[in-house]
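S.K.: File data_9.cif follows (mmCIF, C-alpha atoms):
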data_work
#
loop_
_atom_site.label_atom_id
_atom_site.label_comp_id
_atom_site.auth_asym_id
_atom_site.auth_seq_id
_atom_site.Cartn_x
_atom_site.Cartn_y
_atom_site.Cartn_z
CA MET H 1 15.09 7.78 -14.76
CA ARG H 2 13.91 4.17 -15.34
CA THR H 3 10.67 3.11 -13.65
CA ARG H 4 8.80 -0.18 -13.27
CA ASN H 5 5.44 1.59 -13.12
CA PRO H 6 3.77 0.91 -16.52
CA ALA H 7 1.83 4.22 -16.53
CA GLU H 8 5.03 6.17 -15.78
CA ARG H 9 6.90 4.22 -18.49
CA ARG H 10 4.23 5.05 -21.08
CA TYR H 11 4.25 8.70 -19.94
CA GLN H 12 8.04 8.90 -20.30
CA ARG H 13 7.91 7.31 -23.76
CA ARG H 14 5.21 9.75 -24.90
CA VAL H 15 7.09 12.78 -23.54
CA ILE H 16 10.32 11.67 -25.24
CA ALA H 17 8.44 11.16 -28.55
CA ALA H 18 6.77 14.58 -28.22
CA SER H 19 10.12 16.23 -27.37
CA LEU H 20 11.79 14.68 -30.41
CA ALA H 21 8.83 15.76 -32.57
CA TYR H 22 9.13 19.28 -31.11
CA ALA H 23 12.85 19.54 -31.95
CA GLY H 24 12.28 18.16 -35.46
CA THR H 25 9.25 20.30 -36.32
CA LEU H 26 10.83 23.45 -34.84
CA MET H 27 14.00 23.11 -36.93
CA GLY H 28 11.99 22.06 -40.00
CA GLU H 29 9.44 24.88 -39.86
CA GLU H 30 12.09 27.55 -39.13
CA TYR H 31 14.15 26.44 -42.12
CA LEU H 32 11.18 26.19 -44.48
CA ILE H 33 9.62 29.51 -43.41
CA ARG H 34 12.94 31.38 -43.71
CA HIS H 35 14.26 29.81 -46.89
CA MET H 36 11.26 28.75 -48.98
CA PRO H 37 8.82 31.08 -50.77
CA LEU H 38 5.64 29.64 -49.27
CA PRO H 39 2.10 31.07 -49.13
CA ASP H 40 1.13 32.51 -45.74
CA ALA H 41 -1.47 29.78 -45.13
CA VAL H 42 1.25 27.10 -45.48
CA LYS H 43 3.61 29.10 -43.23
CA PHE H 44 0.82 29.37 -40.68
CA ALA H 45 0.22 25.62 -40.74
CA LEU H 46 3.97 24.93 -40.47
CA ALA H 47 4.30 27.35 -37.53
CA LEU H 48 1.62 25.39 -35.65
CA LEU H 49 3.55 22.09 -35.82
CA PRO H 50 5.89 22.70 -32.83
CA ALA H 51 2.86 23.86 -30.79
CA LEU H 52 1.16 20.52 -31.46
CA SER H 53 4.17 18.73 -29.96
CA ILE H 54 3.85 20.84 -26.80
CA VAL H 55 0.13 20.05 -26.66
CA ALA H 56 1.10 16.37 -26.98
CA VAL H 57 3.08 16.68 -23.73
CA PHE H 58 -0.02 18.04 -21.96
CA ALA H 59 -2.02 15.16 -23.47
CA ALA H 60 0.62 12.68 -22.24
CA LEU H 61 0.15 14.05 -18.74
CA GLY H 62 -3.63 13.65 -19.08
CA TYR H 63 -3.21 10.04 -20.26
CA TYR H 64 -0.89 9.40 -17.32
CA LEU H 65 -3.61 10.54 -14.90
CA ILE H 66 -6.10 8.24 -16.63
CA GLU H 67 -3.74 5.24 -16.73
CA GLU H 68 -2.06 5.55 -13.32
CA ARG H 69 -3.64 2.87 -11.10
CA ASP H 70 -1.87 3.97 -7.90
CA GLU H 71 -4.19 6.49 -6.24
CA TYR H 72 -1.44 8.13 -4.16
CA LEU H 73 0.81 8.74 -7.18
CA ARG H 74 -2.20 10.07 -9.11
CA ALA H 75 -3.12 12.43 -6.24
CA ARG H 76 0.51 13.57 -5.97
CA THR H 77 0.64 14.36 -9.70
CA ILE H 78 -2.64 16.30 -9.50
CA ARG H 79 -1.18 18.30 -6.58
CA GLN H 80 1.94 18.92 -8.67
CA ILE H 81 -0.19 20.14 -11.61
CA LEU H 82 -2.16 22.51 -9.36
CA TRP H 83 0.98 23.91 -7.72
CA GLY H 84 2.74 24.16 -11.11
CA THR H 85 -0.24 25.99 -12.60
CA GLY H 86 -0.42 28.38 -9.65
CA LEU H 87 3.32 29.09 -9.75
CA SER H 88 3.41 29.67 -13.51
CA LEU H 89 0.28 31.85 -13.59
CA SER H 90 1.67 33.91 -10.70
CA ALA H 91 5.06 34.30 -12.41
CA LEU H 92 3.42 35.32 -15.71
CA THR H 93 1.18 37.80 -13.91
CA PHE H 94 4.20 39.28 -12.11
CA TRP H 95 5.97 39.54 -15.47
CA GLY H 96 3.00 41.09 -17.28
CA PHE H 97 2.59 44.29 -15.30
CA PRO H 98 6.26 45.46 -15.45
CA GLU H 99 6.22 44.47 -19.14
CA ASP H 100 3.17 46.67 -19.66
CA ALA H 101 5.04 49.53 -17.97
CA GLY H 102 7.96 49.02 -20.39
CA LEU H 103 10.28 47.71 -17.68
CA LEU H 104 10.63 44.14 -18.97
CA PRO H 105 10.92 42.79 -22.52
CA HIS H 106 7.84 41.36 -24.26
CA LEU H 107 7.40 37.61 -23.87
CA PRO H 108 5.86 35.61 -26.74
CA THR H 109 2.67 33.87 -25.56
CA TYR H 110 4.20 30.40 -26.00
CA PHE H 111 6.32 31.24 -22.95
CA ALA H 112 3.20 30.31 -20.95
CA ALA H 113 4.12 26.67 -21.65
CA VAL H 114 7.78 27.29 -20.70
CA PHE H 115 6.69 28.88 -17.40
CA TRP H 116 4.22 26.05 -16.80
CA PHE H 117 6.83 23.33 -17.33
CA ALA H 118 9.20 25.21 -15.00
CA GLY H 119 6.42 25.55 -12.38
CA PHE H 120 5.51 21.87 -12.78
CA GLY H 121 9.16 20.87 -12.28
CA ILE H 122 9.65 23.08 -9.21
CA ALA H 123 6.37 21.82 -7.73
CA GLY H 124 7.45 18.19 -8.27
CA PHE H 125 10.74 18.83 -6.51
CA LEU H 126 9.03 20.59 -3.56
CA ILE H 127 6.29 17.97 -3.18
CA LYS H 128 8.80 15.09 -3.22
CA ALA H 129 10.97 16.90 -0.66
CA LEU H 130 7.97 17.61 1.62
CA ASP H 131 6.63 14.04 1.36
CA ARG H 132 9.99 12.46 2.25
CA MET R 1 -6.47 10.05 10.38
CA LYS R 2 -4.23 7.70 12.38
CA ASN R 3 -3.45 4.11 11.44
CA ARG R 4 -1.67 1.01 12.76
CA LEU R 5 -0.26 -0.02 9.39
CA LYS R 6 3.38 0.20 10.45
CA VAL R 7 2.78 -1.95 13.55
CA LEU R 8 0.76 -4.55 11.63
CA ARG R 9 3.42 -4.69 8.94
CA ALA R 10 6.23 -5.03 11.50
CA GLU R 11 4.36 -7.87 13.24
CA ARG R 12 4.54 -9.80 10.00
CA ASN R 13 8.15 -8.83 9.25
CA TRP R 14 7.10 -7.25 5.98
CA SER R 15 9.04 -4.40 4.41
CA GLN R 16 7.14 -1.46 2.91
CA GLY R 17 7.92 -3.01 -0.48
CA ASP R 18 6.42 -6.37 0.59
CA LEU R 19 3.22 -4.68 1.74
CA ALA R 20 3.09 -2.54 -1.41
CA GLU R 21 3.39 -5.67 -3.56
CA ARG R 22 0.59 -7.42 -1.65
CA LEU R 23 -1.68 -4.36 -1.99
CA GLU R 24 -0.63 -3.73 -5.63
CA VAL R 25 0.34 -0.14 -4.87
CA SER R 26 3.65 1.73 -4.93
CA ARG R 27 6.07 1.68 -1.98
CA GLN R 28 5.61 5.48 -1.84
CA SER R 29 1.88 4.92 -1.21
CA VAL R 30 2.58 2.63 1.75
CA ASN R 31 5.08 5.12 3.15
CA ALA R 32 2.65 8.06 2.72
CA ILE R 33 -0.19 6.15 4.41
CA GLU R 34 2.01 4.93 7.28
CA THR R 35 3.33 8.40 7.99
CA GLY R 36 -0.16 9.91 7.86
CA LYS R 37 0.63 12.08 4.84
CA TYR R 38 -2.05 10.41 2.75
CA ASP R 39 -5.43 8.96 3.71
CA PRO R 40 -6.32 6.02 1.46
CA SER R 41 -9.59 5.86 -0.44
CA LEU R 42 -12.32 3.62 0.92
CA PRO R 43 -11.63 0.82 -1.65
CA LEU R 44 -7.91 0.81 -0.70
CA ALA R 45 -8.76 0.89 3.02
CA PHE R 46 -10.97 -2.18 2.46
CA ARG R 47 -8.12 -3.92 0.60
CA ILE R 48 -5.77 -3.18 3.52
CA ALA R 49 -8.34 -4.48 6.02
CA ARG R 50 -8.89 -7.66 3.98
CA LEU R 51 -5.14 -8.28 3.76
CA PHE R 52 -4.71 -8.07 7.54
CA ASN R 53 -8.03 -9.83 8.14
CA LEU R 54 -9.20 -7.02 10.41
CA PRO R 55 -12.12 -4.56 10.36
CA ILE R 56 -11.22 -1.11 8.96
CA GLU R 57 -11.73 0.56 12.35
CA ALA R 58 -9.10 -1.77 13.88
CA ILE R 59 -6.53 -0.28 11.51
CA PHE R 60 -7.71 3.31 11.01
CA SER R 61 -8.98 5.74 13.61
CA GLU R 62 -10.07 9.38 13.46
CA ASN R 63 -7.49 10.66 15.95
#
Spit out the file's structure as structure tokens when you get a sec.
M.R.:
Amino acid sequence: MRTRNPAERRYQRRVIAASLAYAGTLMGEEYLIRHMPLPDAVKFALALLPALSIVAVFAALGYYLIEERDEYLRARTIRQILWGTGLSLSALTFWGFPEDAGLLPHLPTYFAAVFWFAGFGIAGFLIKALDR
Amino acid sequence: MKNRLKVLRAERNWSQGDLAERLEVSRQSVNAIETGKYDPSLPLAFRIARLFNLPIEAIFSEN
């Protein structure tokens, strides 16, 4: 969605760049780790690359909060972050106990970010609907 | 907190977008303040008061 708000535009550009970096580093590291005889230290460093792209999205959100001059939009985003964090932590907690009892499959820890993005998205939708 | 923003804006025939432009905030901010879903910070309340040339308490009230 196009926006005239400069802080939102910069945020969108950063998220797109981080997403492209994520796709590129994920495909690159998977190929190299599976097909190249590399020392474990190099594999470890390669495996961290997609994680850095995810961290870049969190950083983009932080920069947005710093750069957003509209106090209402900033407050709304903070509310969205808090709700998203609460939703994702709750969902992960609900997943964890049945998983521990052998009733659900094991989730890799990077799924915390997947749950958080889902929670953040749901919270954004709910907050916009409630504020309408 | 209650406010008379909508009335003051209507008296001047300004749209929410016009008021937002004058205050250098988003249209969503004006809408949220008018509908009482968001209470502005003190600096923004002062900006609103200056724009309408009124004291803050003539625009905002506790109840």
S.K.: Excluding Asn3 in chain R and residues on its chain fewer than 3 positions from it, collect all residues at most 12 Å away from it, counting all atoms listed in the file, and give them as a list in words.
M.R.: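 Final neighbour list, sorted by chain and number: Lys6, Val7, Leu8, Arg9, Val30, Asn31, Ala32, Ile33, Glu34, Thr35, Gly36, Lys37, Tyr38, Asp39, Pro40, Ala45, Ile48, Ala49, Ile56, Glu57, Ala58, Ile59, Phe60, Ser61, Glu62 and Asn63 of chain R.
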S.K.: Provide the CA of Val114 in chain H to CA of Leu46 in chain H distance in Å, to one decimal place.
M.R.: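 Computed distance, CA of Val114 in chain H to CA of Leu46 in chain H, equals 20.3 Å.
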S.K.: May I have the residues of chain H within 9 Å of chain R, counting all atoms listed in the file, written as number ranges by chain?
M.R.: H: 5, 69-73, 131-132
S.K.: Quick one: distance from CA of Pro37 in chain H to CA of Leu107 in chain H in Å, one decimal?
M.R.: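 Distance between the two atoms: 27.7 Å.
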S.K.: Return the single residue from H:Arg76, H:Arg9, H:Phe97, H:Leu38 that is closest to Leu130 in chain H, with distances computed using only C-alpha atoms.
M.R.: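 Looking at the shortest contact to Leu130 in chain H, the residue is H:Arg76.
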S.K.: Tell me, in Å to one decimal, how far CA of Phe46 in chain R is from CA of Gly124 in chain H.
M.R.: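 Atom-to-atom, CA of Phe46 in chain R to CA of Gly124 in chain H, that is 29.5 Å.
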S.K.: Considering all atoms listed in the file, state which residue in the set H:Leu65, H:Ala60, H:Leu49, H:Ile122 is at the smallest distance from Thr85 in chain H.
M.R.: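 Of H:Leu65, H:Ala60, H:Leu49, H:Ile122, the one nearest Thr85 in chain H is H:Ile122, counting all atoms listed in the file.
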S.K.: At a cut-off of 10 Å around the point (6.5, 17.3, -25.6) (file coordinates), what residues fall inside when counting only C-alpha atoms? I'd like the answer as a PyMOL selection string.
M.R.: chain H and resi 14-23+50-61
S.K.: Write out the residues from the selection above, keeping C-alpha atoms, as a PDB file, in the frame of the given file.
M.R.:
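Dumped everything to again14.pdb:
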ATOM      1  CA  ARG H  14       5.210   9.750 -24.900  1.00  0.00           C
ATOM      2  CA  VAL H  15       7.090  12.780 -23.540  1.00  0.00           C
ATOM      3  CA  ILE H  16      10.320  11.670 -25.240  1.00  0.00           C
ATOM      4  CA  ALA H  17       8.440  11.160 -28.550  1.00  0.00           C
ATOM      5  CA  ALA H  18       6.770  14.580 -28.220  1.00  0.00           C
ATOM      6  CA  SER H  19      10.120  16.230 -27.370  1.00  0.00           C
ATOM      7  CA  LEU H  20      11.790  14.680 -30.410  1.00  0.00           C
ATOM      8  CA  ALA H  21       8.830  15.760 -32.570  1.00  0.00           C
ATOM      9  CA  TYR H  22       9.130  19.280 -31.110  1.00  0.00           C
ATOM     10  CA  ALA H  23      12.850  19.540 -31.950  1.00  0.00           C
ATOM     11  CA  PRO H  50       5.890  22.700 -32.830  1.00  0.00           C
ATOM     12  CA  ALA H  51       2.860  23.860 -30.790  1.00  0.00           C
ATOM     13  CA  LEU H  52       1.160  20.520 -31.460  1.00  0.00           C
ATOM     14  CA  SER H  53       4.170  18.730 -29.960  1.00  0.00           C
ATOM     15  CA  ILE H  54       3.850  20.840 -26.800  1.00  0.00           C
ATOM     16  CA  VAL H  55       0.130  20.050 -26.660  1.00  0.00           C
ATOM     17  CA  ALA H  56       1.100  16.370 -26.980  1.00  0.00           C
ATOM     18  CA  VAL H  57       3.080  16.680 -23.730  1.00  0.00           C
ATOM     19  CA  PHE H  58      -0.020  18.040 -21.960  1.00  0.00           C
ATOM     20  CA  ALA H  59      -2.020  15.160 -23.470  1.00  0.00           C
ATOM     21  CA  ALA H  60       0.620  12.680 -22.240  1.00  0.00           C
ATOM     22  CA  LEU H  61       0.150  14.050 -18.740  1.00  0.00           C
TER      23      LEU H  61
END
S.K.: With only C-alpha atoms as the basis for distance, which of H:Arg10, H:Lys43, H:His35, H:His106 is at the shortest distance from Ile66 in chain H?
M.R.: H:Arg10
S.K.: For Phe52 in chain R, which residue among R:Glu21, R:Gln16, R:Arg27, R:Arg4 is the nearest when counting all atoms listed in the file?
M.R.: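 Smallest distance to Phe52 in chain R is found for R:Arg4.
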S.K.: Could you add N, CA, C and O atoms to range 3-15 of chain R and give me the result as a PDB file, in the frame of the given file?
M.R.:
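As a result, selection17.pdb now contains:
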ATOM      1  N   ASN R   3      -3.307   5.524  11.815  1.00  0.00           N
ATOM      2  CA  ASN R   3      -3.450   4.110  11.440  1.00  0.00           C
ATOM      3  C   ASN R   3      -2.346   3.270  12.081  1.00  0.00           C
ATOM      4  O   ASN R   3      -1.319   3.792  12.522  1.00  0.00           O
ATOM      5  N   ARG R   4      -2.603   1.948  12.125  1.00  0.00           N
ATOM      6  CA  ARG R   4      -1.670   1.010  12.760  1.00  0.00           C
ATOM      7  C   ARG R   4      -0.916   0.191  11.700  1.00  0.00           C
ATOM      8  O   ARG R   4      -0.413  -0.891  11.992  1.00  0.00           O
ATOM      9  N   LEU R   5      -0.838   0.739  10.502  1.00  0.00           N
ATOM     10  CA  LEU R   5      -0.260  -0.020   9.390  1.00  0.00           C
ATOM     11  C   LEU R   5       1.188  -0.442   9.660  1.00  0.00           C
ATOM     12  O   LEU R   5       1.565  -1.589   9.402  1.00  0.00           O
ATOM     13  N   LYS R   6       1.968   0.469  10.212  1.00  0.00           N
ATOM     14  CA  LYS R   6       3.380   0.200  10.450  1.00  0.00           C
ATOM     15  C   LYS R   6       3.552  -0.954  11.450  1.00  0.00           C
ATOM     16  O   LYS R   6       4.391  -1.839  11.270  1.00  0.00           O
ATOM     17  N   VAL R   7       2.723  -0.916  12.509  1.00  0.00           N
ATOM     18  CA  VAL R   7       2.780  -1.950  13.550  1.00  0.00           C
ATOM     19  C   VAL R   7       2.373  -3.304  12.960  1.00  0.00           C
ATOM     20  O   VAL R   7       3.065  -4.318  13.134  1.00  0.00           O
ATOM     21  N   LEU R   8       1.262  -3.296  12.215  1.00  0.00           N
ATOM     22  CA  LEU R   8       0.760  -4.550  11.630  1.00  0.00           C
ATOM     23  C   LEU R   8       1.769  -5.126  10.639  1.00  0.00           C
ATOM     24  O   LEU R   8       1.954  -6.342  10.576  1.00  0.00           O
ATOM     25  N   ARG R   9       2.409  -4.256   9.913  1.00  0.00           N
ATOM     26  CA  ARG R   9       3.420  -4.690   8.940  1.00  0.00           C
ATOM     27  C   ARG R   9       4.638  -5.260   9.672  1.00  0.00           C
ATOM     28  O   ARG R   9       5.147  -6.331   9.306  1.00  0.00           O
ATOM     29  N   ALA R  10       5.062  -4.581  10.745  1.00  0.00           N
ATOM     30  CA  ALA R  10       6.230  -5.030  11.500  1.00  0.00           C
ATOM     31  C   ALA R  10       5.971  -6.386  12.155  1.00  0.00           C
ATOM     32  O   ALA R  10       6.862  -7.238  12.209  1.00  0.00           O
ATOM     33  N   GLU R  11       4.721  -6.585  12.617  1.00  0.00           N
ATOM     34  CA  GLU R  11       4.360  -7.870  13.240  1.00  0.00           C
ATOM     35  C   GLU R  11       4.551  -9.040  12.275  1.00  0.00           C
ATOM     36  O   GLU R  11       4.781 -10.170  12.678  1.00  0.00           O
ATOM     37  N   ARG R  12       4.418  -8.748  11.011  1.00  0.00           N
ATOM     38  CA  ARG R  12       4.540  -9.800  10.000  1.00  0.00           C
ATOM     39  C   ARG R  12       5.923  -9.808   9.333  1.00  0.00           C
ATOM     40  O   ARG R  12       6.143 -10.540   8.380  1.00  0.00           O
ATOM     41  N   ASN R  13       6.796  -8.939   9.811  1.00  0.00           N
ATOM     42  CA  ASN R  13       8.150  -8.830   9.250  1.00  0.00           C
ATOM     43  C   ASN R  13       8.146  -8.475   7.769  1.00  0.00           C
ATOM     44  O   ASN R  13       8.962  -8.978   7.007  1.00  0.00           O
ATOM     45  N   TRP R  14       7.178  -7.667   7.373  1.00  0.00           N
ATOM     46  CA  TRP R  14       7.100  -7.250   5.980  1.00  0.00           C
ATOM     47  C   TRP R  14       7.799  -5.896   5.829  1.00  0.00           C
ATOM     48  O   TRP R  14       7.671  -5.023   6.702  1.00  0.00           O
ATOM     49  N   SER R  15       8.494  -5.729   4.738  1.00  0.00           N
ATOM     50  CA  SER R  15       9.040  -4.400   4.410  1.00  0.00           C
ATOM     51  C   SER R  15       7.918  -3.587   3.771  1.00  0.00           C
ATOM     52  O   SER R  15       6.857  -4.144   3.418  1.00  0.00           O
TER      53      SER R  15
END
